[in-house]
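A.B. asks: First the structure, then my questions, so here it is.
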Amino acid sequence: MRNNDRPSGAAPSAEEVAADAGVSPSTVSRCFASPHQVRPETRARVLAAAERLGYRPSRIARSLAEGRTRTLGLIVPDIANPFFAVIVKAVQARARRKDYAVFLADTDEHPDDEYELALTLARQVDGLLLVAPRMDGARLGEVVRQVPSVAVNRSVSGVPSVVAPSEDGLRQAVAHLHALGHRHLALILGARNSWSSEQRGHAVRYAAEQLELKVTEFGPHEPKFHTGAQVADLVLAAGATAIVAHNDLMALGVLSRLADRGVRVPDDVSVVGADDTLLATTATPALTSVRIPLDALGERAVDLMLRRLEDPDRAPEQLSLDSELIVRRSTGPAPPKGILTS
């Protein structure tokens, strides 16, 4: 079919490229699938024709031509956690726009499984996106040596990474609680091997110290709903008037248990989460939370990876995004006589 005979909106075909370049359709196919089998001057002519006509070979053909799979591996600790689910969607959308497919793996918060999955995927993909990786530095280093990698929400020396430190947002949260009259905070930590939990814990401790607030810590714990519910009773016994949870899921577990106990939020105790997932806005009461730009985390991670693949010698980039406190109804003035314990 000649170019002017093509139906409106139809993509140009390999036959049209062949006619424009003065070669056979099979030569066009070889240019993209087996470029080493085509003379350089012929391949240049075919590529120029493809560019003029806007021709795009299939992903398979492009992969063969580039010596790549055009796939990325994405490993997350827990796909059921809304924090990671939003990042996954952002990564997939960004990769799709760049004509890459994404293989997703969920480790269910198990560092050993994460390591094994990373080694398996390393043999099948062009690069790995490791979201909040839990594995230790030695194992992470081994993975990085085998396949181009980008760390998301964990800062790793010598590895491209994009993080959203919660320090600013959590400092705002502690100052917010202090302004409301709270003087004793409960801090619920996340997973033991979580870089994010370490950073968030440090931010709360530092901000509280500056304002001379007492902090009682609980954890580390799995960053899940049921662990928040379990810790709530311990928090009540400690007498804190405000709770800062590692993430929204744990904060929602706290809210649920406090409701069961007849403890009013925020009249008797205030609760702050982190990540500002959709669940924060649908909670009862709506949850005050530290907002993390989750979509941007996923998008920037893909961009870092593609730059790494295009230029393997490029110096590792470290990107940092901002966080902020979003105040809702779960925080209020400290009760005049302390938290209810009955």
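In the structure tokens, the first chain shown is A, the next is B, and so on; residue numbers restart at 1 for each chain, and ligands run from 1 in the order shown.
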Give me the residues near Pro312 of chain A as a list in words, where near means some atom within 12 Å (using only C-alpha atoms) and where sequence neighbours in that chain fewer than 3 positions away do not count.
C.D. replies: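 Using only C-alpha atoms, the neighbours found are Asp126, Gly127, Val147, Pro148, Ser149, Val159, Pro160, Leu304, Met305, Leu306, Arg307, Arg308, Leu309, Ala315, Pro316 and Glu317 of chain A.
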A.B. asks: Suppose we keep all heavy atoms; can you now write the selection as a compact mmCIF listing (two decimals), in the first residue's frame?
C.D. replies:
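Dumped everything to result.txt:
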# COMPACT_ATOMS: atom_id res chain seq x y z
N ASP A 126 15.99 -5.38 31.87
CA ASP A 126 17.07 -4.43 31.63
C ASP A 126 17.51 -3.73 32.92
O ASP A 126 18.67 -3.31 33.03
CB ASP A 126 16.62 -3.37 30.62
CG ASP A 126 16.36 -3.95 29.24
OD1 ASP A 126 17.00 -4.96 28.89
OD2 ASP A 126 15.51 -3.40 28.52
N GLY A 127 16.59 -3.57 33.85
CA GLY A 127 16.92 -2.88 35.09
C GLY A 127 15.90 -3.19 36.17
O GLY A 127 14.79 -3.64 35.88
N VAL A 147 22.79 -6.08 37.83
CA VAL A 147 21.82 -5.44 36.94
C VAL A 147 21.70 -3.97 37.32
O VAL A 147 21.79 -3.62 38.51
CB VAL A 147 20.44 -6.14 37.05
CG1 VAL A 147 19.85 -5.99 38.46
CG2 VAL A 147 19.47 -5.62 36.01
N PRO A 148 21.53 -3.07 36.33
CA PRO A 148 21.30 -1.67 36.66
C PRO A 148 20.09 -1.53 37.59
O PRO A 148 19.04 -2.13 37.34
CB PRO A 148 21.04 -1.02 35.30
CG PRO A 148 21.74 -1.91 34.33
CD PRO A 148 21.60 -3.30 34.87
N SER A 149 20.25 -0.77 38.65
CA SER A 149 19.20 -0.69 39.66
C SER A 149 18.98 0.74 40.10
O SER A 149 19.88 1.58 40.07
CB SER A 149 19.56 -1.54 40.89
OG SER A 149 19.75 -2.90 40.55
N VAL A 159 24.23 4.17 44.28
CA VAL A 159 23.09 3.65 43.52
C VAL A 159 22.13 4.81 43.23
O VAL A 159 21.80 5.57 44.15
CB VAL A 159 22.34 2.55 44.30
CG1 VAL A 159 21.14 2.05 43.51
CG2 VAL A 159 23.29 1.41 44.62
N PRO A 160 21.68 4.97 41.99
CA PRO A 160 20.68 6.01 41.73
C PRO A 160 19.47 5.80 42.63
O PRO A 160 19.02 4.67 42.82
CB PRO A 160 20.32 5.78 40.25
CG PRO A 160 21.48 5.06 39.67
CD PRO A 160 22.02 4.21 40.77
N LEU A 304 15.06 7.94 36.12
CA LEU A 304 16.43 7.65 36.53
C LEU A 304 16.94 6.37 35.87
O LEU A 304 18.08 6.31 35.40
CB LEU A 304 16.51 7.50 38.05
CG LEU A 304 16.57 8.76 38.89
CD1 LEU A 304 16.67 8.39 40.37
CD2 LEU A 304 17.75 9.63 38.50
N MET A 305 16.09 5.35 35.85
CA MET A 305 16.48 4.08 35.27
C MET A 305 16.79 4.22 33.79
O MET A 305 17.80 3.70 33.29
CB MET A 305 15.39 3.03 35.49
CG MET A 305 15.64 1.70 34.78
SD MET A 305 17.21 0.95 35.29
CE MET A 305 16.80 0.47 36.96
N LEU A 306 15.93 4.91 33.05
CA LEU A 306 16.15 5.04 31.61
C LEU A 306 17.41 5.85 31.31
O LEU A 306 18.13 5.54 30.35
CB LEU A 306 14.92 5.65 30.94
CG LEU A 306 13.63 4.83 31.06
CD1 LEU A 306 12.52 5.46 30.24
CD2 LEU A 306 13.86 3.39 30.64
N ARG A 307 17.68 6.85 32.12
CA ARG A 307 18.93 7.59 31.93
C ARG A 307 20.13 6.70 32.22
O ARG A 307 21.16 6.79 31.55
CB ARG A 307 18.96 8.84 32.83
CG ARG A 307 18.01 9.93 32.37
CD ARG A 307 18.38 11.28 32.96
NE ARG A 307 18.14 11.39 34.38
CZ ARG A 307 16.98 11.81 34.91
NH1 ARG A 307 15.96 12.13 34.12
NH2 ARG A 307 16.85 11.91 36.22
N ARG A 308 20.00 5.85 33.20
CA ARG A 308 21.07 4.91 33.55
C ARG A 308 21.32 3.93 32.42
O ARG A 308 22.47 3.60 32.08
CB ARG A 308 20.68 4.15 34.82
CG ARG A 308 21.73 3.19 35.36
CD ARG A 308 22.85 3.94 36.02
NE ARG A 308 23.66 3.07 36.87
CZ ARG A 308 24.71 3.49 37.54
NH1 ARG A 308 25.06 4.76 37.49
NH2 ARG A 308 25.41 2.66 38.29
N LEU A 309 20.25 3.44 31.79
CA LEU A 309 20.40 2.49 30.70
C LEU A 309 21.01 3.14 29.47
O LEU A 309 21.79 2.51 28.74
CB LEU A 309 19.03 1.88 30.36
CG LEU A 309 18.40 0.98 31.43
CD1 LEU A 309 17.02 0.54 31.00
CD2 LEU A 309 19.28 -0.22 31.72
N ALA A 315 27.09 9.34 36.44
CA ALA A 315 27.20 9.35 37.90
C ALA A 315 25.83 9.10 38.53
O ALA A 315 24.83 9.67 38.06
CB ALA A 315 27.77 10.68 38.37
N PRO A 316 25.74 8.26 39.56
CA PRO A 316 24.45 7.96 40.19
C PRO A 316 23.78 9.24 40.70
O PRO A 316 24.40 10.04 41.40
CB PRO A 316 24.83 7.04 41.35
CG PRO A 316 26.14 6.44 40.96
CD PRO A 316 26.85 7.50 40.18
N GLU A 317 22.53 9.41 40.32
CA GLU A 317 21.77 10.59 40.75
C GLU A 317 20.99 10.27 42.02
O GLU A 317 20.46 9.18 42.19
CB GLU A 317 20.81 11.03 39.66
CG GLU A 317 21.48 11.44 38.36
CD GLU A 317 20.47 11.76 37.28
OE1 GLU A 317 19.81 12.82 37.37
OE2 GLU A 317 20.33 10.96 36.35
A.B. asks: Could you name the residues that touch segment 242-245 of chain A at 7 Å or less, counting only C-alpha atoms, but leaving out those on the same chain fewer than 6 positions away, as a PyMOL selection string?
C.D. replies: chain A and resi 182+184-189+251+269-274
A.B. asks: Mind dumping the selected residues with N, CA and C atoms as a tab-separated table (two decimals), in the first residue's frame?
C.D. replies:
chain	number	residue	atom	x	y	z
A	182	HIS	N	-0.07	19.34	73.34
A	182	HIS	CA	0.40	17.98	73.66
A	182	HIS	C	1.85	18.04	74.14
A	184	HIS	N	3.23	14.85	75.56
A	184	HIS	CA	3.68	13.45	75.60
A	184	HIS	C	3.19	12.75	74.34
A	185	LEU	N	4.13	12.35	73.47
A	185	LEU	CA	3.80	11.72	72.20
A	185	LEU	C	4.15	10.24	72.24
A	186	ALA	N	3.37	9.44	71.54
A	186	ALA	CA	3.70	8.04	71.29
A	186	ALA	C	4.16	7.92	69.85
A	187	LEU	N	5.30	7.28	69.64
A	187	LEU	CA	5.85	7.08	68.29
A	187	LEU	C	5.79	5.60	67.97
A	188	ILE	N	5.04	5.23	66.93
A	188	ILE	CA	4.93	3.84	66.50
A	188	ILE	C	5.82	3.64	65.28
A	189	LEU	N	6.87	2.84	65.45
A	189	LEU	CA	7.85	2.62	64.39
A	189	LEU	C	7.39	1.55	63.41
A	251	ALA	N	-1.86	3.92	61.54
A	251	ALA	CA	-2.70	4.93	62.18
A	251	ALA	C	-4.17	4.53	62.12
A	269	VAL	N	-7.45	11.78	72.48
A	269	VAL	CA	-6.11	11.54	71.96
A	269	VAL	C	-6.09	11.92	70.48
A	270	SER	N	-4.99	12.49	70.04
A	270	SER	CA	-4.81	12.86	68.64
A	270	SER	C	-3.97	11.81	67.92
A	271	VAL	N	-4.22	11.65	66.62
A	271	VAL	CA	-3.51	10.63	65.84
A	271	VAL	C	-3.02	11.24	64.53
A	272	VAL	N	-1.74	10.96	64.22
A	272	VAL	CA	-1.13	11.42	62.97
A	272	VAL	C	-0.57	10.21	62.23
A	273	GLY	N	-0.83	10.14	60.93
A	273	GLY	CA	-0.27	9.09	60.08
A	273	GLY	C	0.80	9.67	59.17
A	274	ALA	N	1.21	8.88	58.20
A	274	ALA	CA	2.19	9.35	57.21
A	274	ALA	C	1.94	8.63	55.89
A.B. asks: Find the distance between atom CA of Arg45 of chain A and atom CA of Tyr100 of chain A and write it in Å to one decimal.
C.D. replies: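 Taking atom CA of Arg45 of chain A as the start and atom CA of Tyr100 of chain A as the end point, the length is 26.2 Å.
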A.B. asks: DSSP on the backbone, strand (DSSP E) only: what residues of segment 17-128 of chain A does that give? Format it as a list in words.
C.D. replies: Thr71, Leu72, Gly73, Leu74, Ile75, Val76, Ala101, Val102, Phe103, Leu104, Ala105, Asp106, Gly127 and Leu128 of chain A
A.B. asks: Identify, on the basis of only C-alpha atoms, every residue whose closest approach to Pro220 of chain A does not exceed 6 Å; exclude the query and any residue fewer than 5 positions from it along the same chain; express the result as a PDB file with C-alpha atoms, in the first residue's frame.
C.D. replies:
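Result saved to around.pdb:
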ATOM      1  CA  LEU A 189       7.846   2.617  64.393  1.00  0.00           C
ATOM      2  CA  GLY A 190       7.666   0.586  61.184  1.00  0.00           C
ATOM      3  CA  ALA A 191       9.593  -2.468  59.990  1.00  0.00           C
ATOM      4  CA  ARG A 192      12.945  -3.325  61.565  1.00  0.00           C
TER       5      ARG A 192
END
A.B. asks: Using only C-alpha atoms, determine which residues lie at most 9 Å from Gly73 of chain A, disregarding the query and same-chain residues fewer than 5 positions distant; provide the list as a short mmCIF file (atom, residue, chain, number, x, y, z; two decimals) with C-alpha atoms, in the first residue's frame.
C.D. replies:
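The result, stored in selection_13.cif:
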data_model
loop_
_atom_site.label_atom_id
_atom_site.label_comp_id
_atom_site.auth_asym_id
_atom_site.auth_seq_id
_atom_site.Cartn_x
_atom_site.Cartn_y
_atom_site.Cartn_z
CA ALA A 101 6.87 -3.28 30.16
CA VAL A 102 7.07 -3.87 33.92
CA PHE A 103 7.39 -7.17 35.81
CA LEU A 104 6.04 -6.76 39.35
CA ALA A 105 7.07 -8.80 42.40
CA ALA A 118 15.90 -9.62 42.72
CA LEU A 121 14.53 -10.83 37.82
CA ALA A 122 18.05 -9.56 37.20
CA GLN A 124 15.26 -11.25 32.71
CA VAL A 125 15.06 -7.46 32.67
CA ASP A 126 17.07 -4.43 31.63
CA GLY A 127 16.92 -2.88 35.09
CA LEU A 128 15.44 -3.21 38.59
CA LEU A 129 13.41 -0.68 40.55
CA LEU A 130 13.73 -1.60 44.22
#
A.B. asks: Grab the atom CA of Leu321 of chain A to atom CA of Glu209 of chain A distance for me, in Å with one decimal place.
C.D. replies: 24.8 Å
A.B. asks: Quick one: pick out all alpha helix (DSSP H) residues within segment 20-265 of chain A from a backbone DSSP run and write them as an MDAnalysis selection string.
C.D. replies: chainID A and resid 20:21 25:33 40:53 59:66 82:97 111:122 137:146 167:179 195:210 225:238 248:260
A.B. asks: Please provide as a PyMOL selection string all residues within 10 Å of Val23 of chain A, with the sequence filter that same-chain residues fewer than 4 positions apart are discarded (counting only C-alpha atoms).
C.D. replies: chain A and resi 15+17-19+27-28+42-43+45-46
A.B. asks: Could you check how far atom CA of Ala286 of chain A sits from atom CA of Val86 of chain A, in Å to one decimal?
C.D. replies: 19.6 Å
A.B. asks: So which one's closest to His246 of chain A, A:Asp322, A:Arg329, A:Pro293, A:Phe83? Using only C-alpha atoms, please.
C.D. replies: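 Smallest separation from His246 of chain A among the options: A:Phe83.
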A.B. asks: Here is a test: counting only C-alpha atoms, which residue of A:His202, A:Lys337, A:Arg291, A:Arg300 is nearest to Val150 of chain A?
C.D. replies: A:Arg300
A.B. asks: Using only C-alpha atoms, which of the listed residues (A:Leu278, A:Leu252, A:Val162, A:Leu211) sits closest to Ala229 of chain A?
C.D. replies: A:Leu252
A.B. asks: Given the choices A:Arg52, A:Glu41, A:Arg264, A:Val131, which gets closest to Ile79 of chain A if the distance is worked out from only C-alpha atoms?
C.D. replies: A:Val131
A.B. asks: So, counting only C-alpha atoms, which residue among A:Ala93, A:Asp295, A:Pro40, A:Ala11 is closest to Val163 of chain A?
C.D. replies: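 Smallest distance to Val163 of chain A is found for A:Asp295.
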